[in-house]
Amino acid sequence: MKAKTTHILFDCDNTLVLSEALAFEACAELSNEILSSQNVTDRYTGEQLLVDFVGKNFRGMLMDLQDKYKFTIPSEQLEKYVAMEEEKVIEKLREKLVPCVGANDVLEKLAKSGKYQFAVVSSSAHRRVMASLEKANQATYFPSDRVFSAATSLPKPTSKPDPAIYLFACEKLGAPPATCVAVEDSKSGATSAVRAGIPLIAYVGSYETPEKRDEMAKALKDIGAAAIMYEWVEFESCLEQAGCNVSDTP
């Protein structure tokens, strides 16, 4: 018999809140400055960064850029860039961020049911996630100690698709992976959850066109998603599709 589902682990960016386009818009200028300093002639728009690096934090993106363009940023300088990017992004999020359509209604309903404990499991820095949750009126559901960041919570910073942050969250929550369900929108996030052994609901509602939503639905299903959610109103049925064993008691 499958273990009872007790914990729901939410990705933040473009799952709970519409933040990815804003974040990549904010970091494009800094990314281009870094490329210029390394004598790389290519330049990125925020939209291009979003396509190439969605689901990864800025540290992970810089690692990929170093691999792609064959340059090396000293670790001390890399940390300075990461801190600069975090400030730029938080400023942008506090100005323009909105929740994903329907997410707040589902969180309210789930909280009232008392059936689950919640946490956020993100690649983004803890300060950035908290700023997003506060702006979207979601922070009441996610105390600071229930927000886990691959960038800042781990002894060694990493980024999804590494499953380390999901395994860390499960350990801190005292919740075996089989008792959790994850909600993710990106390939890297989905891969992270699946590698951690957590049943996955893939949310594709934040993608802008029907064609892209269908494309990502297939890609995330291939990675191992147990259910595909096009809109947040489908969450309860997606829990059932994911095989979650739900009790009427907390």
# chains A, B, ... in the order shown; residues from 1 in each chain; ligands from 1

$ residues_around --residues "Phe24 (chain A)" --least-positions-apart "6" --cutoff "12 Å" --atoms "only C-alpha atoms" --output "CSV table (one decimal) with N, CA and C atoms, in the first residue's frame"
chain,number,residue,atom,x,y,z
A,13,ASP,N,9.1,29.6,-8.7
A,13,ASP,CA,9.2,30.4,-9.9
A,13,ASP,C,8.4,29.8,-11.0
A,18,LEU,N,4.5,34.2,-11.0
A,18,LEU,CA,5.0,34.5,-12.4
A,18,LEU,C,6.2,35.3,-12.3
A,30,LEU,N,23.3,42.2,-16.4
A,30,LEU,CA,24.5,41.7,-15.7
A,30,LEU,C,25.2,40.5,-16.5
A,31,SER,N,24.4,39.6,-17.0
A,31,SER,CA,24.9,38.5,-17.8
A,31,SER,C,25.8,39.0,-18.9
A,32,ASN,N,25.2,40.0,-19.6
A,32,ASN,CA,25.9,40.6,-20.8
A,32,ASN,C,27.2,41.3,-20.4
A,44,TYR,N,22.6,38.3,-24.7
A,44,TYR,CA,21.3,37.7,-24.4
A,44,TYR,C,20.3,38.7,-24.0
A,45,THR,N,19.0,38.5,-24.4
A,45,THR,CA,17.9,39.2,-23.9
A,45,THR,C,17.3,38.4,-22.7
A,46,GLY,N,16.5,39.0,-21.9
A,46,GLY,CA,15.9,38.2,-20.9
A,46,GLY,C,15.1,37.0,-21.4
A,47,GLU,N,14.4,37.2,-22.5
A,47,GLU,CA,13.6,36.1,-23.1
A,47,GLU,C,14.5,35.0,-23.6
A,48,GLN,N,15.7,35.3,-24.1
A,48,GLN,CA,16.6,34.2,-24.5
A,48,GLN,C,17.1,33.5,-23.3
A,49,LEU,N,17.5,34.2,-22.3
A,49,LEU,CA,17.9,33.5,-21.1
A,49,LEU,C,16.9,32.6,-20.5
A,50,LEU,N,15.6,33.1,-20.5
A,50,LEU,CA,14.5,32.3,-20.0
A,50,LEU,C,14.4,31.0,-20.8
A,51,VAL,N,14.5,31.0,-22.1
A,51,VAL,CA,14.4,29.8,-22.9
A,51,VAL,C,15.6,28.8,-22.6
A,52,ASP,N,16.8,29.4,-22.5
A,52,ASP,CA,18.0,28.5,-22.3
A,52,ASP,C,18.2,28.0,-20.9
A,53,PHE,N,17.7,28.8,-19.9
A,53,PHE,CA,18.1,28.5,-18.5
A,53,PHE,C,17.0,28.4,-17.5
A,54,VAL,N,15.7,28.3,-18.0
A,54,VAL,CA,14.6,28.2,-17.1
A,54,VAL,C,14.8,27.1,-16.1
A,55,GLY,N,14.5,27.4,-14.8
A,55,GLY,CA,14.6,26.4,-13.8
A,55,GLY,C,15.9,26.3,-13.1
A,56,LYS,N,16.9,27.1,-13.6
A,56,LYS,CA,18.2,27.1,-13.0
A,56,LYS,C,18.4,28.5,-12.3
A,57,ASN,N,19.2,28.4,-11.2
A,57,ASN,CA,19.5,29.7,-10.5
A,57,ASN,C,20.6,30.4,-11.2
A,58,PHE,N,21.0,31.6,-10.8
A,58,PHE,CA,22.0,32.4,-11.5
A,58,PHE,C,23.3,31.7,-11.4
A,61,MET,N,23.3,29.1,-14.0
A,61,MET,CA,23.4,29.7,-15.3
A,61,MET,C,24.8,30.1,-15.6
A,85,GLU,N,23.1,39.9,-8.7
A,85,GLU,CA,21.9,39.5,-9.4
A,85,GLU,C,20.7,39.3,-8.5
A,86,GLU,N,21.0,38.8,-7.3
A,86,GLU,CA,19.9,38.6,-6.4
A,86,GLU,C,19.2,40.0,-6.0
A,88,LYS,N,19.2,42.7,-7.9
A,88,LYS,CA,18.5,43.3,-9.1
A,88,LYS,C,17.1,42.5,-9.2
A,89,VAL,N,17.1,41.2,-9.0
A,89,VAL,CA,15.9,40.5,-9.3
A,89,VAL,C,14.9,40.8,-8.2
A,90,ILE,N,15.3,40.8,-6.9
A,90,ILE,CA,14.3,41.1,-5.9
A,90,ILE,C,13.7,42.5,-6.1
A,92,LYS,N,13.1,43.9,-8.9
A,92,LYS,CA,12.1,43.8,-10.0
A,92,LYS,C,10.8,43.0,-9.5
A,93,LEU,N,11.0,41.9,-8.7
A,93,LEU,CA,9.9,41.1,-8.3
A,93,LEU,C,9.0,42.0,-7.4

$ residues_around --residues "Thr140 (chain A)" --least-positions-apart "4" --cutoff "12 Å" --atoms "only C-alpha atoms" --output "number ranges by chain"
A: 104, 107-108, 111, 118-119, 130, 133-136, 144, 146-147

$ residues_around --residues "Asp42 (chain A)" --least-positions-apart "4" --cutoff "10 Å" --atoms "only C-alpha atoms" --output "compact mmCIF listing (two decimals) with N, CA, C and O atoms, in the first residue's frame"
# COMPACT_ATOMS: atom_id res chain seq x y z
N ASN A 32 25.24 40.02 -19.63
CA ASN A 32 25.94 40.57 -20.80
C ASN A 32 27.22 41.30 -20.40
O ASN A 32 28.22 41.27 -21.12
N LEU A 35 29.75 38.56 -19.89
CA LEU A 35 30.24 38.04 -21.18
C LEU A 35 31.21 39.03 -21.82
O LEU A 35 32.24 38.64 -22.36
N SER A 36 30.88 40.32 -21.76
CA SER A 36 31.76 41.33 -22.34
C SER A 36 33.12 41.34 -21.65
O SER A 36 34.16 41.46 -22.31
N TYR A 69 31.17 28.96 -23.21
CA TYR A 69 32.09 29.92 -23.84
C TYR A 69 33.54 29.74 -23.40
O TYR A 69 34.41 30.54 -23.76

$ closest_residue --among "A:Ser186, A:Pro143, A:Ala21, A:Glu236" --to "Arg213 (chain A)" --atoms "only C-alpha atoms"
A:Ser186

$ residues_around --residues "Glu208 (chain A)" --least-positions-apart "3" --cutoff "12 Å" --atoms "only C-alpha atoms" --output "ChimeraX atom specification"
/A:14,18,21,204-205,211-216,230

$ atom_distance --atom1 "CA of Thr6 (chain A)" --atom2 "CA of Gln138 (chain A)"
19.7 Å

$ residues_around --residues "region 169-182 of chain A" --least-positions-apart "5" --cutoff "7 Å" --atoms "only C-alpha atoms" --output "list in words"
Ala3, Lys4, Thr5, Thr6, His7, Ile8, Leu9, Phe10, Phe148, Ala193, Ala196, Gly197, Ile198, Pro199, Leu200 and Ile201 of chain A

$ write_last_selection --atoms "N, CA, C and O atoms" --output "PDB file, in the first residue's frame"
ATOM      1  N   ALA A   3       2.278   4.865   0.777  1.00  0.00           N
ATOM      2  CA  ALA A   3       2.275   5.699   1.969  1.00  0.00           C
ATOM      3  C   ALA A   3       1.301   6.864   1.801  1.00  0.00           C
ATOM      4  O   ALA A   3       1.108   7.388   0.704  1.00  0.00           O
ATOM      5  N   LYS A   4       0.720   7.284   2.913  1.00  0.00           N
ATOM      6  CA  LYS A   4      -0.165   8.438   2.896  1.00  0.00           C
ATOM      7  C   LYS A   4       0.621   9.695   2.513  1.00  0.00           C
ATOM      8  O   LYS A   4       1.732   9.924   2.987  1.00  0.00           O
ATOM      9  N   THR A   5       0.050  10.515   1.650  1.00  0.00           N
ATOM     10  CA  THR A   5       0.673  11.775   1.269  1.00  0.00           C
ATOM     11  C   THR A   5       0.437  12.809   2.372  1.00  0.00           C
ATOM     12  O   THR A   5      -0.704  13.125   2.703  1.00  0.00           O
ATOM     13  N   THR A   6       1.540  13.322   2.925  1.00  0.00           N
ATOM     14  CA  THR A   6       1.447  14.270   4.036  1.00  0.00           C
ATOM     15  C   THR A   6       2.008  15.650   3.703  1.00  0.00           C
ATOM     16  O   THR A   6       1.659  16.629   4.359  1.00  0.00           O
ATOM     17  N   HIS A   7       2.891  15.730   2.700  1.00  0.00           N
ATOM     18  CA  HIS A   7       3.570  16.986   2.398  1.00  0.00           C
ATOM     19  C   HIS A   7       3.467  17.317   0.909  1.00  0.00           C
ATOM     20  O   HIS A   7       3.655  16.433   0.064  1.00  0.00           O
ATOM     21  N   ILE A   8       3.177  18.576   0.607  1.00  0.00           N
ATOM     22  CA  ILE A   8       3.201  19.065  -0.768  1.00  0.00           C
ATOM     23  C   ILE A   8       4.365  20.042  -0.891  1.00  0.00           C
ATOM     24  O   ILE A   8       4.450  21.024  -0.141  1.00  0.00           O
ATOM     25  N   LEU A   9       5.259  19.749  -1.830  1.00  0.00           N
ATOM     26  CA  LEU A   9       6.475  20.541  -2.025  1.00  0.00           C
ATOM     27  C   LEU A   9       6.346  21.316  -3.328  1.00  0.00           C
ATOM     28  O   LEU A   9       6.345  20.729  -4.408  1.00  0.00           O
ATOM     29  N   PHE A  10       6.221  22.621  -3.218  1.00  0.00           N
ATOM     30  CA  PHE A  10       5.979  23.471  -4.375  1.00  0.00           C
ATOM     31  C   PHE A  10       7.276  24.127  -4.859  1.00  0.00           C
ATOM     32  O   PHE A  10       8.009  24.718  -4.053  1.00  0.00           O
ATOM     33  N   PHE A 148      13.004  26.108   1.160  1.00  0.00           N
ATOM     34  CA  PHE A 148      14.309  25.479   0.957  1.00  0.00           C
ATOM     35  C   PHE A 148      14.879  25.909  -0.388  1.00  0.00           C
ATOM     36  O   PHE A 148      14.212  25.816  -1.420  1.00  0.00           O
ATOM     37  N   ALA A 193      12.976  16.481  -8.856  1.00  0.00           N
ATOM     38  CA  ALA A 193      11.990  15.784  -8.027  1.00  0.00           C
ATOM     39  C   ALA A 193      11.961  14.287  -8.322  1.00  0.00           C
ATOM     40  O   ALA A 193      11.928  13.460  -7.406  1.00  0.00           O
ATOM     41  N   ALA A 196      14.789  12.442  -6.900  1.00  0.00           N
ATOM     42  CA  ALA A 196      14.662  12.314  -5.448  1.00  0.00           C
ATOM     43  C   ALA A 196      13.624  11.269  -5.052  1.00  0.00           C
ATOM     44  O   ALA A 196      13.476  10.968  -3.865  1.00  0.00           O
ATOM     45  N   GLY A 197      12.901  10.728  -6.035  1.00  0.00           N
ATOM     46  CA  GLY A 197      11.904   9.707  -5.761  1.00  0.00           C
ATOM     47  C   GLY A 197      10.577  10.251  -5.280  1.00  0.00           C
ATOM     48  O   GLY A 197       9.820   9.556  -4.598  1.00  0.00           O
ATOM     49  N   ILE A 198      10.267  11.509  -5.656  1.00  0.00           N
ATOM     50  CA  ILE A 198       9.035  12.159  -5.211  1.00  0.00           C
ATOM     51  C   ILE A 198       8.019  12.165  -6.347  1.00  0.00           C
ATOM     52  O   ILE A 198       8.339  12.610  -7.458  1.00  0.00           O
ATOM     53  N   PRO A 199       6.796  11.696  -6.125  1.00  0.00           N
ATOM     54  CA  PRO A 199       5.750  11.780  -7.154  1.00  0.00           C
ATOM     55  C   PRO A 199       5.571  13.226  -7.597  1.00  0.00           C
ATOM     56  O   PRO A 199       5.587  14.148  -6.776  1.00  0.00           O
ATOM     57  N   LEU A 200       5.377  13.411  -8.900  1.00  0.00           N
ATOM     58  CA  LEU A 200       5.430  14.753  -9.474  1.00  0.00           C
ATOM     59  C   LEU A 200       4.163  15.134 -10.215  1.00  0.00           C
ATOM     60  O   LEU A 200       3.671  14.380 -11.055  1.00  0.00           O
ATOM     61  N   ILE A 201       3.664  16.328  -9.909  1.00  0.00           N
ATOM     62  CA  ILE A 201       2.646  16.993 -10.717  1.00  0.00           C
ATOM     63  C   ILE A 201       3.355  18.081 -11.514  1.00  0.00           C
ATOM     64  O   ILE A 201       4.035  18.934 -10.941  1.00  0.00           O
TER      65      ILE A 201
END

$ select_by_dssp --residues "region 36-233 of chain A" --states "strand (DSSP E or B)" --output "ChimeraX atom specification"
/A:98-99,117-122,147-149,180-184,200-203,227-229

$ atom_distance --atom1 "CA of Ser206 (chain A)" --atom2 "CA of Asn137 (chain A)"
18.2 Å

$ atom_distance --atom1 "CA of Lys96 (chain A)" --atom2 "CA of Leu22 (chain A)"
7.7 Å

$ residues_around --residues "Glu79 (chain A)" --least-positions-apart "3" --cutoff "12 Å" --atoms "only C-alpha atoms" --output "list of chain:residue names"
A:Phe58, A:Arg59, A:Gly60, A:Leu62, A:Met63, A:Ile73, A:Pro74, A:Ser75, A:Glu76, A:Val82, A:Ala83, A:Met84, A:Glu85, A:Glu86, A:Ala151, A:Thr152, A:Pro157

$ write_last_selection --atoms "C-alpha atoms" --output "tab-separated table (two decimals), in the first residue's frame"
chain	number	residue	atom	x	y	z
A	58	PHE	CA	21.98	32.39	-11.51
A	59	ARG	CA	24.92	30.39	-10.16
A	60	GLY	CA	23.88	27.41	-12.29
A	62	LEU	CA	26.91	31.14	-14.87
A	63	MET	CA	28.36	27.64	-14.67
A	73	ILE	CA	35.18	33.15	-13.19
A	74	PRO	CA	37.15	33.05	-9.90
A	75	SER	CA	34.95	31.77	-7.08
A	76	GLU	CA	35.09	35.02	-5.09
A	82	VAL	CA	25.40	36.08	-7.57
A	83	ALA	CA	24.79	38.67	-4.83
A	84	MET	CA	24.43	41.47	-7.39
A	85	GLU	CA	21.93	39.47	-9.43
A	86	GLU	CA	19.87	38.65	-6.35
A	151	ALA	CA	21.26	28.31	-3.80
A	152	THR	CA	21.40	29.16	-0.10
A	157	PRO	CA	25.16	25.46	-3.22

$ select_by_dssp --residues "region 110-247 of chain A" --states "helix (DSSP H, G or I)" --output "MDAnalysis selection string"
chainID A and resid 110:113 126:135 139:141 144:146 164:173 177:179 187:195 210:223 232:241

$ closest_residue --among "A:Ser124, A:Gln117, A:Ser237, A:Ser37" --to "Ala23 (chain A)" --atoms "only C-alpha atoms"
A:Ser124

$ residues_around --residues "Asp105 (chain A)" --least-positions-apart "2" --cutoff "12 Å" --atoms "only C-alpha atoms" --output "list in words"
Leu16, Pro99, Cys100, Val101, Gly102, Ala103, Leu107, Glu108, Lys109, Leu110, Ala111, Lys112, Ala136, Asn137, Gln138, Tyr141, Glu231, Trp232, Val233, Glu234 and Phe235 of chain A

$ write_last_selection --atoms "N, CA and C atoms" --output "PDB file, in the first residue's frame"
ATOM      1  N   LEU A  16       4.178  28.815  -8.461  1.00  0.00           N
ATOM      2  CA  LEU A  16       3.312  29.592  -7.569  1.00  0.00           C
ATOM      3  C   LEU A  16       3.186  31.037  -8.014  1.00  0.00           C
ATOM      4  N   PRO A  99       0.876  36.417  -8.622  1.00  0.00           N
ATOM      5  CA  PRO A  99       0.799  34.965  -8.478  1.00  0.00           C
ATOM      6  C   PRO A  99       0.338  34.305  -9.768  1.00  0.00           C
ATOM      7  N   CYS A 100       0.655  33.035  -9.919  1.00  0.00           N
ATOM      8  CA  CYS A 100       0.086  32.267 -11.021  1.00  0.00           C
ATOM      9  C   CYS A 100      -1.423  32.197 -10.844  1.00  0.00           C
ATOM     10  N   VAL A 101      -2.142  32.256 -11.947  1.00  0.00           N
ATOM     11  CA  VAL A 101      -3.609  32.303 -11.900  1.00  0.00           C
ATOM     12  C   VAL A 101      -4.158  31.072 -11.182  1.00  0.00           C
ATOM     13  N   GLY A 102      -4.924  31.303 -10.133  1.00  0.00           N
ATOM     14  CA  GLY A 102      -5.570  30.223  -9.405  1.00  0.00           C
ATOM     15  C   GLY A 102      -4.769  29.631  -8.272  1.00  0.00           C
ATOM     16  N   ALA A 103      -3.472  29.937  -8.179  1.00  0.00           N
ATOM     17  CA  ALA A 103      -2.631  29.321  -7.163  1.00  0.00           C
ATOM     18  C   ALA A 103      -3.067  29.699  -5.745  1.00  0.00           C
ATOM     19  N   LEU A 107      -4.124  27.213  -2.615  1.00  0.00           N
ATOM     20  CA  LEU A 107      -3.408  27.218  -1.335  1.00  0.00           C
ATOM     21  C   LEU A 107      -4.361  27.451  -0.173  1.00  0.00           C
ATOM     22  N   GLU A 108      -5.287  28.379  -0.345  1.00  0.00           N
ATOM     23  CA  GLU A 108      -6.264  28.658   0.712  1.00  0.00           C
ATOM     24  C   GLU A 108      -7.124  27.433   1.007  1.00  0.00           C
ATOM     25  N   LYS A 109      -7.585  26.774  -0.045  1.00  0.00           N
ATOM     26  CA  LYS A 109      -8.425  25.591   0.132  1.00  0.00           C
ATOM     27  C   LYS A 109      -7.653  24.457   0.802  1.00  0.00           C
ATOM     28  N   LEU A 110      -6.423  24.247   0.365  1.00  0.00           N
ATOM     29  CA  LEU A 110      -5.604  23.186   0.952  1.00  0.00           C
ATOM     30  C   LEU A 110      -5.315  23.467   2.425  1.00  0.00           C
ATOM     31  N   ALA A 111      -5.018  24.724   2.741  1.00  0.00           N
ATOM     32  CA  ALA A 111      -4.727  25.086   4.126  1.00  0.00           C
ATOM     33  C   ALA A 111      -5.942  24.842   5.021  1.00  0.00           C
ATOM     34  N   LYS A 112      -7.117  25.194   4.524  1.00  0.00           N
ATOM     35  CA  LYS A 112      -8.340  24.995   5.307  1.00  0.00           C
ATOM     36  C   LYS A 112      -8.645  23.519   5.521  1.00  0.00           C
ATOM     37  N   ALA A 136       3.164  38.043  -3.520  1.00  0.00           N
ATOM     38  CA  ALA A 136       2.011  37.301  -4.052  1.00  0.00           C
ATOM     39  C   ALA A 136       0.978  36.952  -2.981  1.00  0.00           C
ATOM     40  N   ASN A 137       1.181  37.433  -1.751  1.00  0.00           N
ATOM     41  CA  ASN A 137       0.276  37.124  -0.634  1.00  0.00           C
ATOM     42  C   ASN A 137       0.205  35.630  -0.348  1.00  0.00           C
ATOM     43  N   GLN A 138       1.347  34.957  -0.444  1.00  0.00           N
ATOM     44  CA  GLN A 138       1.426  33.519  -0.185  1.00  0.00           C
ATOM     45  C   GLN A 138       2.288  33.186   1.031  1.00  0.00           C
ATOM     46  N   TYR A 141       1.373  30.893   4.061  1.00  0.00           N
ATOM     47  CA  TYR A 141       1.360  29.433   3.920  1.00  0.00           C
ATOM     48  C   TYR A 141       2.755  28.819   4.038  1.00  0.00           C
ATOM     49  N   GLU A 231      -4.075  24.038 -15.467  1.00  0.00           N
ATOM     50  CA  GLU A 231      -4.575  25.143 -14.656  1.00  0.00           C
ATOM     51  C   GLU A 231      -4.638  24.692 -13.207  1.00  0.00           C
ATOM     52  N   TRP A 232      -4.513  25.653 -12.286  1.00  0.00           N
ATOM     53  CA  TRP A 232      -4.494  25.304 -10.869  1.00  0.00           C
ATOM     54  C   TRP A 232      -5.820  24.701 -10.385  1.00  0.00           C
ATOM     55  N   VAL A 233      -6.911  24.988 -11.075  1.00  0.00           N
ATOM     56  CA  VAL A 233      -8.192  24.405 -10.663  1.00  0.00           C
ATOM     57  C   VAL A 233      -8.180  22.888 -10.806  1.00  0.00           C
ATOM     58  N   GLU A 234      -7.219  22.355 -11.534  1.00  0.00           N
ATOM     59  CA  GLU A 234      -7.111  20.908 -11.740  1.00  0.00           C
ATOM     60  C   GLU A 234      -6.300  20.214 -10.655  1.00  0.00           C
ATOM     61  N   PHE A 235      -5.851  20.958  -9.647  1.00  0.00           N
ATOM     62  CA  PHE A 235      -4.886  20.399  -8.703  1.00  0.00           C
ATOM     63  C   PHE A 235      -5.405  19.164  -7.977  1.00  0.00           C
TER      64      PHE A 235
END

$ decode --residues "region 131-141 of chain A" --atoms "all heavy atoms" --output "compact mmCIF listing (two decimals), in the first residue's frame"
# COMPACT_ATOMS: atom_id res chain seq x y z
N ALA A 131 10.69 37.09 -0.92
CA ALA A 131 10.18 38.32 -1.52
C ALA A 131 9.03 38.02 -2.47
O ALA A 131 8.03 38.75 -2.52
CB ALA A 131 11.31 39.05 -2.25
N SER A 132 9.16 36.94 -3.24
CA SER A 132 8.11 36.54 -4.17
C SER A 132 6.85 36.13 -3.43
O SER A 132 5.73 36.56 -3.78
CB SER A 132 8.59 35.38 -5.04
OG SER A 132 9.66 35.76 -5.88
N LEU A 133 6.99 35.31 -2.40
CA LEU A 133 5.83 34.83 -1.65
C LEU A 133 5.11 35.99 -0.97
O LEU A 133 3.87 36.03 -0.92
CB LEU A 133 6.27 33.80 -0.62
CG LEU A 133 6.88 32.50 -1.17
CD1 LEU A 133 7.39 31.63 -0.03
CD2 LEU A 133 5.87 31.72 -2.02
N GLU A 134 5.88 36.93 -0.43
CA GLU A 134 5.27 38.09 0.23
C GLU A 134 4.50 38.95 -0.77
O GLU A 134 3.37 39.38 -0.50
CB GLU A 134 6.36 38.89 0.94
CG GLU A 134 6.91 38.18 2.16
CD GLU A 134 8.24 38.75 2.62
OE1 GLU A 134 8.69 39.79 2.07
OE2 GLU A 134 8.85 38.15 3.54
N LYS A 135 5.09 39.21 -1.91
CA LYS A 135 4.45 40.03 -2.92
C LYS A 135 3.16 39.38 -3.44
O LYS A 135 2.17 40.06 -3.75
CB LYS A 135 5.41 40.28 -4.09
CG LYS A 135 4.83 41.05 -5.26
CD LYS A 135 4.49 42.49 -4.92
CE LYS A 135 4.09 43.26 -6.17
NZ LYS A 135 3.66 44.64 -5.86
N ALA A 136 3.16 38.04 -3.52
CA ALA A 136 2.01 37.30 -4.05
C ALA A 136 0.98 36.95 -2.98
O ALA A 136 0.00 36.25 -3.27
CB ALA A 136 2.50 36.01 -4.72
N ASN A 137 1.18 37.43 -1.75
CA ASN A 137 0.28 37.12 -0.63
C ASN A 137 0.21 35.63 -0.35
O ASN A 137 -0.86 35.10 -0.02
CB ASN A 137 -1.12 37.69 -0.90
CG ASN A 137 -1.15 39.20 -0.95
OD1 ASN A 137 -0.52 39.86 -0.12
ND2 ASN A 137 -1.86 39.76 -1.92
N GLN A 138 1.35 34.96 -0.44
CA GLN A 138 1.43 33.52 -0.18
C GLN A 138 2.29 33.19 1.03
O GLN A 138 2.34 32.03 1.45
CB GLN A 138 1.99 32.80 -1.41
CG GLN A 138 1.11 32.92 -2.65
CD GLN A 138 1.78 32.37 -3.90
OE1 GLN A 138 2.96 32.03 -3.89
NE2 GLN A 138 1.04 32.30 -5.00
N ALA A 139 2.95 34.18 1.60
CA ALA A 139 3.91 33.91 2.67
C ALA A 139 3.26 33.30 3.90
O ALA A 139 3.92 32.57 4.66
CB ALA A 139 4.65 35.20 3.05
N THR A 140 1.98 33.57 4.10
CA THR A 140 1.29 33.00 5.27
C THR A 140 1.27 31.47 5.24
O THR A 140 1.20 30.82 6.29
CB THR A 140 -0.15 33.54 5.36
OG1 THR A 140 -0.76 33.06 6.54
CG2 THR A 140 -0.98 33.10 4.17
N TYR A 141 1.37 30.89 4.06
CA TYR A 141 1.36 29.43 3.92
C TYR A 141 2.75 28.82 4.04
O TYR A 141 2.88 27.60 4.19
CB TYR A 141 0.77 29.03 2.56
CG TYR A 141 -0.59 29.62 2.31
CD1 TYR A 141 -0.79 30.59 1.32
CD2 TYR A 141 -1.70 29.22 3.05
CE1 TYR A 141 -2.04 31.14 1.08
CE2 TYR A 141 -2.97 29.76 2.83
CZ TYR A 141 -3.12 30.72 1.83
OH TYR A 141 -4.37 31.25 1.60
